[in-house]
$ cat start14.json   # JSON, C-alpha atoms and all ligand atoms
[["chain", "number", "residue", "atom", "x", "y", "z"],
["A", 3, "MET", "CA", 0.51, -21.09, -8.41],
["A", 4, "ARG", "CA", 3.30, -19.72, -10.56],
["A", 5, "PHE", "CA", 6.18, -17.46, -9.52],
["A", 6, "ASP", "CA", 8.48, -15.69, -11.97],
["A", 7, "ILE", "CA", 11.61, -14.13, -10.51],
["A", 8, "LEU", "CA", 13.57, -11.53, -12.51],
["A", 9, "THR", "CA", 17.14, -11.12, -11.34],
["A", 10, "ILE", "CA", 20.65, -10.39, -12.52],
["A", 11, "PHE", "CA", 21.87, -13.25, -10.28],
["A", 12, "PRO", "CA", 19.83, -16.33, -11.32],
["A", 13, "GLU", "CA", 22.40, -18.64, -9.72],
["A", 14, "PHE", "CA", 21.33, -17.26, -6.35],
["A", 15, "PHE", "CA", 18.29, -19.55, -6.55],
["A", 16, "GLY", "CA", 20.31, -22.65, -7.51],
["A", 17, "ALA", "CA", 18.93, -25.64, -9.37],
["A", 18, "LEU", "CA", 15.26, -25.81, -8.47],
["A", 19, "PRO", "CA", 13.43, -27.68, -7.06],
["A", 20, "ASP", "CA", 16.11, -29.64, -5.20],
["A", 21, "GLN", "CA", 18.94, -27.19, -4.63],
["A", 22, "GLY", "CA", 19.55, -23.62, -3.65],
["A", 23, "ILE", "CA", 17.70, -21.35, -1.30],
["A", 24, "LEU", "CA", 14.27, -22.68, -2.32],
["A", 25, "GLY", "CA", 15.38, -26.30, -2.63],
["A", 26, "HIS", "CA", 14.53, -27.45, 0.90],
["A", 27, "GLY", "CA", 11.63, -28.61, 3.02],
["A", 28, "VAL", "CA", 8.04, -27.72, 2.27],
["A", 29, "VAL", "CA", 8.88, -25.20, -0.49],
["A", 30, "SER", "CA", 10.93, -27.75, -2.39],
["A", 31, "ARG", "CA", 8.16, -30.33, -1.94],
["A", 32, "ALA", "CA", 5.55, -27.86, -3.21],
["A", 33, "LEU", "CA", 7.69, -27.21, -6.29],
["A", 34, "ARG", "CA", 8.31, -30.90, -6.88],
["A", 35, "THR", "CA", 4.66, -31.87, -6.54],
["A", 36, "GLY", "CA", 3.47, -29.02, -8.75],
["A", 37, "LEU", "CA", 1.48, -27.16, -6.10],
["A", 38, "ALA", "CA", 3.69, -24.20, -7.04],
["A", 39, "SER", "CA", 6.22, -23.48, -9.75],
["A", 40, "ALA", "CA", 9.11, -21.03, -9.75],
["A", 41, "HIS", "CA", 10.77, -19.75, -12.91],
["A", 42, "ILE", "CA", 13.98, -17.78, -12.64],
["A", 43, "HIS", "CA", 14.80, -15.30, -15.42],
["A", 44, "ASP", "CA", 18.20, -13.74, -15.99],
["A", 45, "LEU", "CA", 17.71, -10.06, -16.84],
["A", 46, "ARG", "CA", 20.94, -10.12, -18.85],
["A", 47, "THR", "CA", 19.16, -12.37, -21.38],
["A", 48, "PHE", "CA", 17.14, -9.32, -22.33],
["A", 49, "THR", "CA", 20.10, -7.05, -23.12],
["A", 50, "HIS", "CA", 21.49, -6.41, -26.60],
["A", 51, "ASP", "CA", 25.05, -5.18, -26.11],
["A", 52, "ARG", "CA", 28.27, -7.13, -25.97],
["A", 53, "HIS", "CA", 28.64, -6.60, -22.22],
["A", 54, "ARG", "CA", 25.02, -7.53, -21.46],
["A", 55, "THR", "CA", 24.61, -4.26, -19.57],
["A", 56, "VAL", "CA", 21.71, -4.07, -17.12],
["A", 57, "ASP", "CA", 22.68, -0.89, -15.23],
["A", 58, "ASP", "CA", 23.64, 2.69, -15.89],
["A", 59, "ARG", "CA", 24.63, 5.87, -14.02],
["A", 60, "PRO", "CA", 21.93, 7.85, -12.22],
["A", 61, "PHE", "CA", 20.57, 11.02, -13.80],
["A", 62, "GLY", "CA", 21.32, 13.96, -11.52],
["A", 63, "GLY", "CA", 24.58, 12.45, -10.33],
["A", 64, "GLY", "CA", 25.32, 10.65, -7.12],
["A", 65, "GLU", "CA", 26.91, 7.38, -6.23],
["A", 66, "GLY", "CA", 26.07, 3.93, -7.50],
["A", 67, "MET", "CA", 24.32, 2.51, -10.52],
["A", 68, "VAL", "CA", 20.67, 2.02, -11.36],
["A", 69, "LEU", "CA", 19.01, -0.97, -13.09],
["A", 70, "LYS", "CA", 17.91, 0.10, -16.56],
["A", 71, "PRO", "CA", 14.23, -0.15, -17.50],
["A", 72, "GLN", "CA", 14.69, -1.68, -20.96],
["A", 73, "PRO", "CA", 15.83, -5.24, -20.03],
["A", 74, "ILE", "CA", 13.08, -5.39, -17.40],
["A", 75, "HIS", "CA", 10.49, -4.25, -19.92],
["A", 76, "GLU", "CA", 11.58, -6.93, -22.39],
["A", 77, "ALA", "CA", 11.63, -9.60, -19.68],
["A", 78, "LEU", "CA", 8.07, -8.70, -18.67],
["A", 79, "GLU", "CA", 6.98, -8.77, -22.32],
["A", 80, "PHE", "CA", 8.54, -12.21, -22.61],
["A", 81, "LEU", "CA", 6.37, -13.33, -19.68],
["A", 82, "ALA", "CA", 3.30, -12.30, -21.69],
["A", 83, "LEU", "CA", 1.52, -10.69, -18.77],
["A", 84, "THR", "CA", -1.58, -8.63, -19.25],
["A", 85, "PRO", "CA", -0.44, -4.99, -19.49],
["A", 86, "LYS", "CA", -0.73, -3.08, -16.23],
["A", 87, "PRO", "CA", -3.85, -0.99, -16.93],
["A", 88, "THR", "CA", -6.01, -4.05, -17.61],
["A", 89, "ARG", "CA", -4.21, -6.59, -15.41],
["A", 90, "ASP", "CA", -6.49, -8.49, -13.05],
["A", 91, "THR", "CA", -4.54, -8.11, -9.81],
["A", 92, "ALA", "CA", -6.85, -10.56, -8.10],
["A", 93, "ARG", "CA", -5.18, -13.19, -10.31],
["A", 94, "GLU", "CA", -1.69, -11.91, -11.08],
["A", 95, "THR", "CA", 0.60, -9.25, -9.69],
["A", 96, "VAL", "CA", 4.00, -7.79, -10.52],
["A", 97, "ILE", "CA", 5.95, -6.92, -7.39],
["A", 98, "LEU", "CA", 9.06, -4.78, -7.13],
["A", 99, "LEU", "CA", 11.12, -5.74, -4.08],
["A", 100, "SER", "CA", 12.19, -2.47, -2.56],
["A", 101, "ALA", "CA", 13.22, -1.01, 0.79],
["A", 102, "GLN", "CA", 10.82, 1.80, -0.09],
["A", 103, "GLY", "CA", 7.88, -0.56, -0.48],
["A", 104, "LYS", "CA", 4.92, -1.33, 1.76],
["A", 105, "ARG", "CA", 5.77, -3.80, 4.50],
["A", 106, "PHE", "CA", 5.38, -7.47, 3.54],
["A", 107, "THR", "CA", 3.46, -9.24, 6.32],
["A", 108, "GLN", "CA", 1.70, -12.54, 6.92],
["A", 109, "SER", "CA", -1.51, -10.97, 5.70],
["A", 110, "THR", "CA", 0.24, -9.98, 2.44],
["A", 111, "ALA", "CA", 1.37, -13.60, 2.12],
["A", 112, "ARG", "CA", -2.22, -14.75, 2.65],
["A", 113, "ARG", "CA", -3.41, -12.44, -0.15],
["A", 114, "LEU", "CA", -0.65, -13.53, -2.52],
["A", 115, "ALA", "CA", -1.45, -17.19, -1.84],
["A", 116, "THR", "CA", -4.88, -16.63, -3.46],
["A", 117, "LEU", "CA", -3.34, -15.51, -6.80],
["A", 118, "ASP", "CA", -2.47, -17.59, -9.86],
["A", 119, "ARG", "CA", 0.75, -15.80, -10.65],
["A", 120, "VAL", "CA", 3.25, -13.57, -8.89],
["A", 121, "VAL", "CA", 6.16, -11.87, -10.66],
["A", 122, "LEU", "CA", 9.01, -10.77, -8.41],
["A", 123, "LEU", "CA", 11.46, -8.16, -9.63],
["A", 124, "CYS", "CA", 14.76, -8.08, -7.74],
["A", 125, "GLY", "CA", 16.60, -4.79, -7.65],
["A", 126, "ARG", "CA", 20.36, -4.32, -7.22],
["A", 127, "TYR", "CA", 22.81, -1.45, -6.87],
["A", 128, "GLU", "CA", 21.00, 1.81, -5.97],
["A", 129, "GLY", "CA", 17.75, 0.28, -7.13],
["A", 130, "VAL", "CA", 15.57, 0.18, -10.23],
["A", 131, "ASP", "CA", 14.65, 3.03, -12.58],
["A", 132, "GLU", "CA", 11.47, 4.48, -11.06],
["A", 133, "ARG", "CA", 9.54, 4.19, -14.32],
["A", 134, "VAL", "CA", 9.61, 0.40, -13.99],
["A", 135, "SER", "CA", 7.41, 0.67, -10.93],
["A", 136, "GLN", "CA", 5.18, 3.28, -12.54],
["A", 137, "LEU", "CA", 4.71, 1.45, -15.82],
["A", 138, "PHE", "CA", 4.81, -2.25, -15.00],
["A", 139, "CYS", "CA", 4.51, -3.02, -11.29],
["A", 140, "ASP", "CA", 1.35, -3.39, -9.25],
["A", 141, "GLU", "CA", 3.03, -3.08, -5.88],
["A", 142, "GLU", "CA", 6.35, -2.40, -4.16],
["A", 143, "LEU", "CA", 7.05, -4.58, -1.15],
["A", 144, "SER", "CA", 9.70, -4.34, 1.54],
["A", 145, "ILE", "CA", 10.53, -7.24, 3.85],
["A", 146, "GLY", "CA", 11.62, -4.94, 6.67],
["A", 147, "ASP", "CA", 13.16, -1.67, 7.72],
["A", 148, "TYR", "CA", 16.70, -2.37, 6.59],
["A", 149, "VAL", "CA", 18.55, -2.27, 3.30],
["A", 150, "LEU", "CA", 19.67, -5.46, 1.56],
["A", 151, "SER", "CA", 22.20, -5.46, -1.23],
["A", 152, "GLY", "CA", 19.65, -7.02, -3.59],
["A", 153, "GLY", "CA", 16.06, -8.16, -3.90],
["A", 154, "GLU", "CA", 16.83, -11.88, -4.26],
["A", 155, "LEU", "CA", 16.70, -12.70, -0.55],
["A", 156, "ALA", "CA", 13.51, -10.68, -0.26],
["A", 157, "ALA", "CA", 11.99, -12.58, -3.21],
["A", 158, "ALA", "CA", 12.91, -15.92, -1.65],
["A", 159, "ILE", "CA", 11.37, -14.88, 1.68],
["A", 160, "LEU", "CA", 8.19, -13.72, 0.01],
["A", 161, "LEU", "CA", 7.93, -16.93, -2.01],
["A", 162, "ASP", "CA", 8.58, -19.15, 1.02],
["A", 163, "ALA", "CA", 6.04, -17.37, 3.23],
["A", 164, "THR", "CA", 3.42, -17.53, 0.45],
["A", 165, "VAL", "CA", 3.95, -21.08, -0.78],
["A", 166, "ARG", "CA", 3.57, -22.63, 2.66],
["A", 167, "LEU", "CA", 0.07, -21.11, 2.82],
["A", 168, "LEU", "CA", -1.10, -22.81, -0.39],
["A", 169, "PRO", "CA", -3.67, -25.54, 0.22],
["A", 170, "GLY", "CA", -1.97, -28.92, 0.51],
["A", 171, "VAL", "CA", 1.56, -27.62, 1.12],
["A", 172, "LEU", "CA", 1.65, -28.02, 4.90],
["A", 173, "GLY", "CA", 0.82, -31.41, 6.34],
["A", 174, "HIS", "CA", -2.06, -30.01, 8.38],
["A", 175, "ALA", "CA", -4.23, -27.15, 7.18],
["A", 176, "ASP", "CA", -4.43, -25.73, 10.71],
["A", 177, "SER", "CA", -0.63, -25.40, 10.97],
["A", 178, "SER", "CA", -0.59, -22.03, 9.29],
["A", 179, "ARG", "CA", -3.80, -20.89, 10.96],
["A", 180, "TYR", "CA", -2.69, -21.36, 14.55],
["A", 181, "GLU", "CA", 0.83, -19.96, 14.43],
["A", 182, "SER", "CA", 2.42, -16.58, 14.97],
["A", 183, "PHE", "CA", 0.48, -13.97, 12.97],
["A", 184, "GLY", "CA", -2.01, -16.69, 11.96],
["A", 185, "GLU", "CA", -5.68, -15.94, 11.48],
["A", 186, "GLY", "CA", -6.76, -18.28, 14.23],
["A", 187, "ASP", "CA", -10.25, -19.62, 13.80],
["A", 188, "PRO", "CA", -12.28, -16.88, 12.11],
["A", 189, "SER", "CA", -15.52, -18.48, 13.33],
["A", 190, "ALA", "CA", -14.37, -18.44, 16.94],
["A", 191, "PRO", "CA", -13.02, -15.13, 18.24],
["A", 192, "ASN", "CA", -10.22, -15.69, 20.76],
["A", 193, "ALA", "CA", -9.82, -19.17, 19.36],
["A", 194, "GLY", "CA", -6.89, -19.92, 21.58],
["A", 195, "ALA", "CA", -8.19, -18.37, 24.74],
["A", 196, "PRO", "CA", -9.14, -20.85, 27.37],
["A", 197, "GLY", "CA", -12.28, -18.99, 28.46],
["A", 198, "PRO", "CA", -14.39, -18.07, 25.41],
["A", 199, "ASP", "CA", -12.67, -20.62, 23.23],
["A", 200, "SER", "CA", -13.37, -23.55, 25.44],
["A", 201, "ARG", "CA", -16.97, -22.36, 25.77],
["A", 202, "THR", "CA", -17.31, -21.87, 22.01],
["A", 203, "ARG", "CA", -15.74, -25.18, 21.30],
["A", 204, "ALA", "CA", -17.77, -26.92, 23.93],
["A", 205, "ALA", "CA", -20.94, -25.56, 22.32],
["A", 206, "THR", "CA", -20.08, -27.04, 18.95],
["A", 207, "GLU", "CA", -17.97, -29.95, 20.15],
["A", 208, "PRO", "CA", -19.59, -31.31, 23.30],
["A", 209, "ASN", "CA", -16.54, -33.35, 24.24],
["A", 210, "ALA", "CA", -14.06, -30.52, 23.75],
["A", 211, "ALA", "CA", -12.54, -31.07, 27.17],
["A", 212, "GLN", "CA", -11.76, -34.65, 26.25],
["A", 213, "LEU", "CA", -10.29, -33.79, 22.83],
["A", 214, "PRO", "CA", -6.54, -33.72, 22.42],
["A", 215, "PRO", "CA", -5.17, -30.19, 22.58],
["A", 216, "ARG", "CA", -4.74, -28.51, 19.23],
["A", 217, "SER", "CA", -1.11, -28.74, 18.30],
["A", 218, "THR", "CA", -1.12, -24.98, 18.29],
["A", 219, "ASN", "CA", -3.69, -22.68, 19.75],
["A", 220, "SER", "CA", -2.31, -19.19, 19.86],
["A", 221, "SER", "CA", -2.52, -16.66, 17.00],
["A", 222, "ASN", "CA", -5.52, -14.36, 16.58],
["A", 223, "GLY", "CA", -2.93, -11.64, 16.33],
["A", 224, "ILE", "CA", -0.38, -12.72, 18.92],
["A", 225, "LEU", "CA", 2.79, -14.80, 18.71],
["A", 226, "ASP", "CA", 2.97, -18.58, 18.92],
["A", 227, "TYR", "CA", 3.52, -20.16, 22.34],
["A", 228, "PRO", "CA", 6.83, -21.84, 23.32],
["A", 229, "HIS", "CA", 7.30, -25.43, 22.15],
["A", 230, "TYR", "CA", 9.13, -28.26, 23.94],
["A", 231, "THR", "CA", 10.15, -31.80, 22.97],
["A", 232, "ARG", "CA", 12.11, -34.64, 24.59],
["A", 233, "PRO", "CA", 13.99, -34.86, 26.89],
["A", 234, "ALA", "CA", 11.72, -33.45, 29.57],
["A", 235, "ASP", "CA", 14.80, -32.30, 31.47],
["A", 236, "PHE", "CA", 17.62, -30.68, 29.49],
["A", 237, "LEU", "CA", 20.75, -29.32, 31.13],
["A", 238, "GLY", "CA", 18.80, -28.92, 34.35],
["A", 239, "LEU", "CA", 15.91, -27.06, 32.73],
["A", 240, "SER", "CA", 12.61, -28.94, 32.91],
["A", 241, "ILE", "CA", 9.55, -28.52, 30.74],
["A", 242, "PRO", "CA", 6.63, -26.76, 32.46],
["A", 243, "ASP", "CA", 4.84, -29.39, 34.59],
["A", 244, "VAL", "CA", 1.48, -28.68, 32.97],
["A", 245, "LEU", "CA", 2.67, -30.04, 29.61],
["A", 246, "GLY", "CA", 3.22, -33.49, 31.05],
["A", 247, "ASN", "CA", 0.04, -33.92, 33.08],
["A", 248, "GLY", "CA", -2.46, -34.76, 30.32],
["A", 249, "ASP", "CA", -4.95, -32.07, 31.38],
["A", 250, "HIS", "CA", -5.84, -30.71, 27.97],
["A", 251, "LEU", "CA", -7.72, -27.66, 29.11],
["A", 252, "ALA", "CA", -4.89, -26.74, 31.47],
["A", 253, "ILE", "CA", -2.43, -27.15, 28.58],
["A", 254, "ARG", "CA", -4.52, -24.91, 26.35],
["A", 255, "ARG", "CA", -4.74, -22.31, 29.10],
["A", 256, "TRP", "CA", -0.99, -22.46, 29.73],
["A", 257, "ARG", "CA", -0.20, -22.17, 26.03],
["A", 258, "ARG", "CA", -2.42, -19.14, 25.60],
["A", 259, "GLN", "CA", -0.87, -17.46, 28.62],
["A", 260, "ALA", "CA", 2.66, -18.31, 27.51],
["A", 261, "ALA", "CA", 1.91, -16.88, 24.07],
["A", 262, "LEU", "CA", 0.56, -13.71, 25.66],
["A", 263, "ALA", "CA", 3.62, -13.41, 27.89],
["A", 264, "LYS", "CA", 5.94, -13.90, 24.91],
["A", 265, "THR", "CA", 4.04, -11.34, 22.86],
["A", 266, "LEU", "CA", 4.21, -8.86, 25.72],
["A", 267, "ALA", "CA", 7.95, -9.42, 26.08],
["A", 268, "ASN", "CA", 8.91, -9.38, 22.39],
["A", 269, "ARG", "CA", 6.15, -7.69, 20.41],
["A", 270, "PRO", "CA", 3.90, -5.61, 22.67],
["A", 271, "ASP", "CA", 2.79, -3.67, 19.58],
["A", 272, "LEU", "CA", 0.79, -6.73, 18.49],
["A", 273, "LEU", "CA", -1.35, -6.52, 21.62],
["A", 274, "LEU", "CA", -2.84, -3.26, 20.36],
["A", 275, "THR", "CA", -4.66, -5.05, 17.54],
["A", 276, "ALA", "CA", -4.85, -8.64, 18.81],
["A", 277, "ASP", "CA", -8.17, -10.35, 19.39],
["A", 278, "LEU", "CA", -8.07, -10.62, 23.18],
["A", 279, "SER", "CA", -10.59, -12.15, 25.54],
["A", 280, "ASP", "CA", -11.39, -10.85, 29.02],
["A", 281, "ASP", "CA", -9.25, -13.69, 30.40],
["A", 282, "ASP", "CA", -6.37, -12.57, 28.16],
["A", 283, "ARG", "CA", -6.64, -8.98, 29.39],
["A", 284, "GLU", "CA", -6.80, -10.11, 32.98],
["A", 285, "TYR", "CA", -3.72, -12.26, 32.53],
["A", 286, "LEU", "CA", -1.82, -9.46, 30.77],
["A", 287, "ALA", "CA", -2.77, -7.08, 33.58],
["A", 288, "SER", "CA", -1.32, -9.56, 36.05],
["A", 289, "LEU", "CA", 1.94, -9.26, 34.08],
["A", 290, "GLY", "CA", 1.84, -5.49, 34.45],
["A", 291, "TYR", "CA", 0.53, -4.69, 30.96],
["A", 292, "CYS", "CA", -1.48, -1.50, 30.73],
["A", 293, "PRO", "CA", -3.20, -0.93, 27.37],
["A", 294, "PRO", "CA", -3.22, 2.67, 26.13],
["A", 295, "PRO", "CA", -6.29, 4.42, 27.62],
["A", 296, "ASP", "CA", -8.13, 4.99, 24.32],
["A", 297, "LEU", "CA", -8.28, 1.25, 23.59],
["A", 298, "PRO", "CA", -11.27, -0.85, 24.63],
["B", 1, "LIG", "N1", 18.79, 2.88, -2.66],
["B", 1, "LIG", "C1", 17.81, 1.99, -2.14],
["B", 1, "LIG", "C2", 17.15, 2.62, -0.91],
["B", 1, "LIG", "O1", 17.83, 3.33, -0.17],
["B", 1, "LIG", "O2", 15.95, 2.36, -0.68],
["B", 1, "LIG", "C3", 18.41, 0.67, -1.71],
["B", 1, "LIG", "C4", 18.78, -0.19, -2.87],
["B", 1, "LIG", "S1", 19.29, -1.80, -2.35],
["B", 1, "LIG", "C5", 21.01, -1.57, -2.10],
["B", 1, "LIG", "C6", 19.24, -2.78, -3.79],
["B", 1, "LIG", "C7", 17.98, -3.61, -3.96],
["B", 1, "LIG", "O3", 17.83, -4.49, -2.85],
["B", 1, "LIG", "C8", 16.67, -2.86, -4.02],
["B", 1, "LIG", "O4", 16.42, -2.35, -5.32],
["B", 1, "LIG", "C9", 15.66, -3.91, -3.64],
["B", 1, "LIG", "O5", 15.29, -4.72, -4.73],
["B", 1, "LIG", "C10", 16.45, -4.76, -2.66],
["B", 1, "LIG", "N2", 16.13, -4.45, -1.26],
["B", 1, "LIG", "C11", 16.89, -3.80, -0.37],
["B", 1, "LIG", "N3", 16.31, -3.71, 0.81],
["B", 1, "LIG", "C12", 15.12, -4.33, 0.70],
["B", 1, "LIG", "C13", 14.05, -4.56, 1.58],
["B", 1, "LIG", "N4", 14.07, -4.13, 2.84],
["B", 1, "LIG", "N5", 12.98, -5.24, 1.11],
["B", 1, "LIG", "C14", 12.93, -5.68, -0.16],
["B", 1, "LIG", "N6", 13.92, -5.49, -1.05],
["B", 1, "LIG", "C15", 15.00, -4.81, -0.63]]

$ encode --input "start14.json" --output "structure tokens" --more "lines below"
Ligand code: SAM
Amino acid sequence: MRFDILTIFPEFFGALPDQGILGHGVVSRALRTGLASAHIHDLRTFTHDRHRTVDDRPFGGGEGMVLKPQPIHEALEFLALTPKPTRDTARETVILLSAQGKRFTQSTARRLATLDRVVLLCGRYEGVDERVSQLFCDEELSIGDYVLSGGELAAAILLDATVRLLPGVLGHADSSRYESFGEGDPSAPNAGAPGPDSRTRAATEPNAAQLPPRSTNSSNGILDYPHYTRPADFLGLSIPDVLGNGDHLAIRRWRRQAALAKTLANRPDLLLTADLSDDDREYLASLGYCPPPDLP
């Protein structure tokens, strides 16, 4: 998968694949091994004046400067993309990073990870001339409800979240499935829930109770469960007993409940759309959670 990033600050991304904001961990490894490639383009290369001007004053007055459309147009022509009207957005997409965009989520990352090519356009100043979006971009994406000083951080976040979903990038394919916002197991609703899941798994895997616990078993719309490592006692705080007793079903049950409790505490909004089992609902009720009346 190929990424092209258009920016007026190419040095922000450092010397790929080993340095800079994308030069670490699984993203760096994906770039080094060729599972993904990232090409950084300096918009000033596509200017024609002595000062390499990329911005200008806003029509209608007001503070700040606006990125001009012409260098962006030339940069996109240089990338030899299919023009917007005939572009196959199931293969390639041009994205404007913008606080006014649709919210970038894990499901956006999953969609992007199926494409061959993603072009990321980083704004600066007051933003980018609106005609750039109209003429050349397929989508505007925002990474959250706040305003950054430029699109570079947003582009790096989008690339990181997408690249780690590409087949072969994470050590274990299930790692991205059973994590916060993960899909879970599409063939097994409530994949992490101890009730239906253990029954479903037992039906297809007769020795499910004897199997080691999945390293992660939350998701299906809720947050990941809390993780612990050695030492078992740290500054007087011990790990939950259940994690040390080798009872795999009890561990799975505890993890699901801990994930539910964490979701209730930090992101109760997710519970409105999460795939919850009867056991989940019962447990949430025991924590005092009352779903809105119009929900099943
Ligand atoms: N005037 C713009 C507004 O109020 O929406 C903010 C412009 S911001 C200072 C400069 C650039 O940062 C934007 O063009 C965009 O590329 C990027 N940016 C800022 N916030 C962002 C966000 N939440 N998500 C993605 N990109 C963002």

$ axis_aligned_box --input "start14.json" --around "ligand LIG 1 (chain B)" --padding-each-side "8 Å" --output "JSON"
{"center_x": 17.0, "center_y": -1.2, "center_z": -1.2, "size_x": 24.1, "size_y": 25.0, "size_z": 24.2}

$ residues_around --input "start14.json" --residues "Ala17 in chain A" --least-positions-apart "3" --cutoff "12 Å" --atoms "all atoms listed in the file" --output "ChimeraX atom specification"
/A:12-14,20-26,30,33,40-42

$ write_last_selection --input "start14.json" --atoms "C-alpha atoms" --output "PDB file, in the frame of the given file"
ATOM      1  CA  PRO A  12      19.830 -16.330 -11.320  1.00  0.00           C
ATOM      2  CA  GLU A  13      22.400 -18.640  -9.720  1.00  0.00           C
ATOM      3  CA  PHE A  14      21.330 -17.260  -6.350  1.00  0.00           C
ATOM      4  CA  ASP A  20      16.110 -29.640  -5.200  1.00  0.00           C
ATOM      5  CA  GLN A  21      18.940 -27.190  -4.630  1.00  0.00           C
ATOM      6  CA  GLY A  22      19.550 -23.620  -3.650  1.00  0.00           C
ATOM      7  CA  ILE A  23      17.700 -21.350  -1.300  1.00  0.00           C
ATOM      8  CA  LEU A  24      14.270 -22.680  -2.320  1.00  0.00           C
ATOM      9  CA  GLY A  25      15.380 -26.300  -2.630  1.00  0.00           C
ATOM     10  CA  HIS A  26      14.530 -27.450   0.900  1.00  0.00           C
ATOM     11  CA  SER A  30      10.930 -27.750  -2.390  1.00  0.00           C
ATOM     12  CA  LEU A  33       7.690 -27.210  -6.290  1.00  0.00           C
ATOM     13  CA  ALA A  40       9.110 -21.030  -9.750  1.00  0.00           C
ATOM     14  CA  HIS A  41      10.770 -19.750 -12.910  1.00  0.00           C
ATOM     15  CA  ILE A  42      13.980 -17.780 -12.640  1.00  0.00           C
TER      16      ILE A  42
END

$ residues_around --input "start14.json" --residues "Thr231 in chain A" --least-positions-apart "4" --cutoff "12 Å" --atoms "all atoms listed in the file" --output "PDB file with C-alpha atoms, in the frame of the given file"
ATOM      1  CA  ASP A 235      14.800 -32.300  31.470  1.00  0.00           C
ATOM      2  CA  PHE A 236      17.620 -30.680  29.490  1.00  0.00           C
ATOM      3  CA  SER A 240      12.610 -28.940  32.910  1.00  0.00           C
ATOM      4  CA  ILE A 241       9.550 -28.520  30.740  1.00  0.00           C
ATOM      5  CA  PRO A 242       6.630 -26.760  32.460  1.00  0.00           C
ATOM      6  CA  LEU A 245       2.670 -30.040  29.610  1.00  0.00           C
ATOM      7  CA  GLY A 246       3.220 -33.490  31.050  1.00  0.00           C
TER       8      GLY A 246
END

$ closest_residue --input "start14.json" --among "A:Asn247, A:Ser39, A:Thr275, A:Thr49" --to "Asn222 in chain A" --atoms "only C-alpha atoms"
A:Thr275

$ closest_residue --input "start14.json" --among "A:Met3, A:Val120, A:Ala158, A:Ala260" --to "Tyr227 in chain A" --atoms "all atoms listed in the file"
A:Ala260

$ residues_near_ligand --input "start14.json" --ligand "ligand LIG 1 (chain B)" --cutoff "12 Å" --atoms "all atoms listed in the file" --output "ChimeraX atom specification"
/A:7-10,57,60,64-70,97-107,122-132,134-135,141-160

$ atom_distance --input "start14.json" --atom1 "CA of Val56 in chain A" --atom2 "CA of Val96 in chain A"
19.3 Å

$ residues_around --input "start14.json" --residues "range 170-175 of chain A" --least-positions-apart "4" --cutoff "12 Å" --atoms "all atoms listed in the file" --output "list in words"
Met3, Gly27, Val28, Val29, Ser30, Arg31, Ala32, Leu33, Arg34, Thr35, Gly36, Leu37, Ala38, Ala115, Asp162, Ala163, Thr164, Val165, Arg166, Arg179, Tyr180, Glu181, Gly184, Gly186, Asp187, Arg216, Ser217 and Thr218 of chain A

$ write_last_selection --input "start14.json" --atoms "C-alpha atoms" --output "short mmCIF file (atom, residue, chain, number, x, y, z; two decimals), keeping the file's coordinate frame"
data_model
loop_
_atom_site.label_atom_id
_atom_site.label_comp_id
_atom_site.auth_asym_id
_atom_site.auth_seq_id
_atom_site.Cartn_x
_atom_site.Cartn_y
_atom_site.Cartn_z
CA MET A 3 0.51 -21.09 -8.41
CA GLY A 27 11.63 -28.61 3.02
CA VAL A 28 8.04 -27.72 2.27
CA VAL A 29 8.88 -25.20 -0.49
CA SER A 30 10.93 -27.75 -2.39
CA ARG A 31 8.16 -30.33 -1.94
CA ALA A 32 5.55 -27.86 -3.21
CA LEU A 33 7.69 -27.21 -6.29
CA ARG A 34 8.31 -30.90 -6.88
CA THR A 35 4.66 -31.87 -6.54
CA GLY A 36 3.47 -29.02 -8.75
CA LEU A 37 1.48 -27.16 -6.10
CA ALA A 38 3.69 -24.20 -7.04
CA ALA A 115 -1.45 -17.19 -1.84
CA ASP A 162 8.58 -19.15 1.02
CA ALA A 163 6.04 -17.37 3.23
CA THR A 164 3.42 -17.53 0.45
CA VAL A 165 3.95 -21.08 -0.78
CA ARG A 166 3.57 -22.63 2.66
CA ARG A 179 -3.80 -20.89 10.96
CA TYR A 180 -2.69 -21.36 14.55
CA GLU A 181 0.83 -19.96 14.43
CA GLY A 184 -2.01 -16.69 11.96
CA GLY A 186 -6.76 -18.28 14.23
CA ASP A 187 -10.25 -19.62 13.80
CA ARG A 216 -4.74 -28.51 19.23
CA SER A 217 -1.11 -28.74 18.30
CA THR A 218 -1.12 -24.98 18.29
#

$ atom_distance --input "start14.json" --atom1 "CA of Arg54 in chain A" --atom2 "CA of Pro85 in chain A"
25.7 Å

$ closest_residue --input "start14.json" --among "A:Arg255, A:Arg232, A:Gly223, A:Asp118" --to "Asp277 in chain A" --atoms "only C-alpha atoms"
A:Gly223

$ residues_around --input "start14.json" --residues "Ala92 in chain A" --least-positions-apart "5" --cutoff "9 Å" --atoms "all atoms listed in the file" --output "list in words"
Arg113, Leu114, Thr116, Leu117 and Asp118 of chain A

$ closest_residue --input "start14.json" --among "A:His43, A:Arg254, A:Arg283, A:His229" --to "Ala77 in chain A" --atoms "only C-alpha atoms"
A:His43

$ closest_residue --input "start14.json" --among "A:Tyr291, A:Phe183, A:Phe11, A:Phe138" --to "Thr95 in chain A" --atoms "all atoms listed in the file"
A:Phe138

$ atom_distance --input "start14.json" --atom1 "CA of Pro295 in chain A" --atom2 "CA of Thr265 in chain A"
19.4 Å

$ closest_residue --input "start14.json" --among "A:Pro294, A:Arg257, A:Arg119, A:His250" --to "Tyr230 in chain A" --atoms "only C-alpha atoms"
A:Arg257
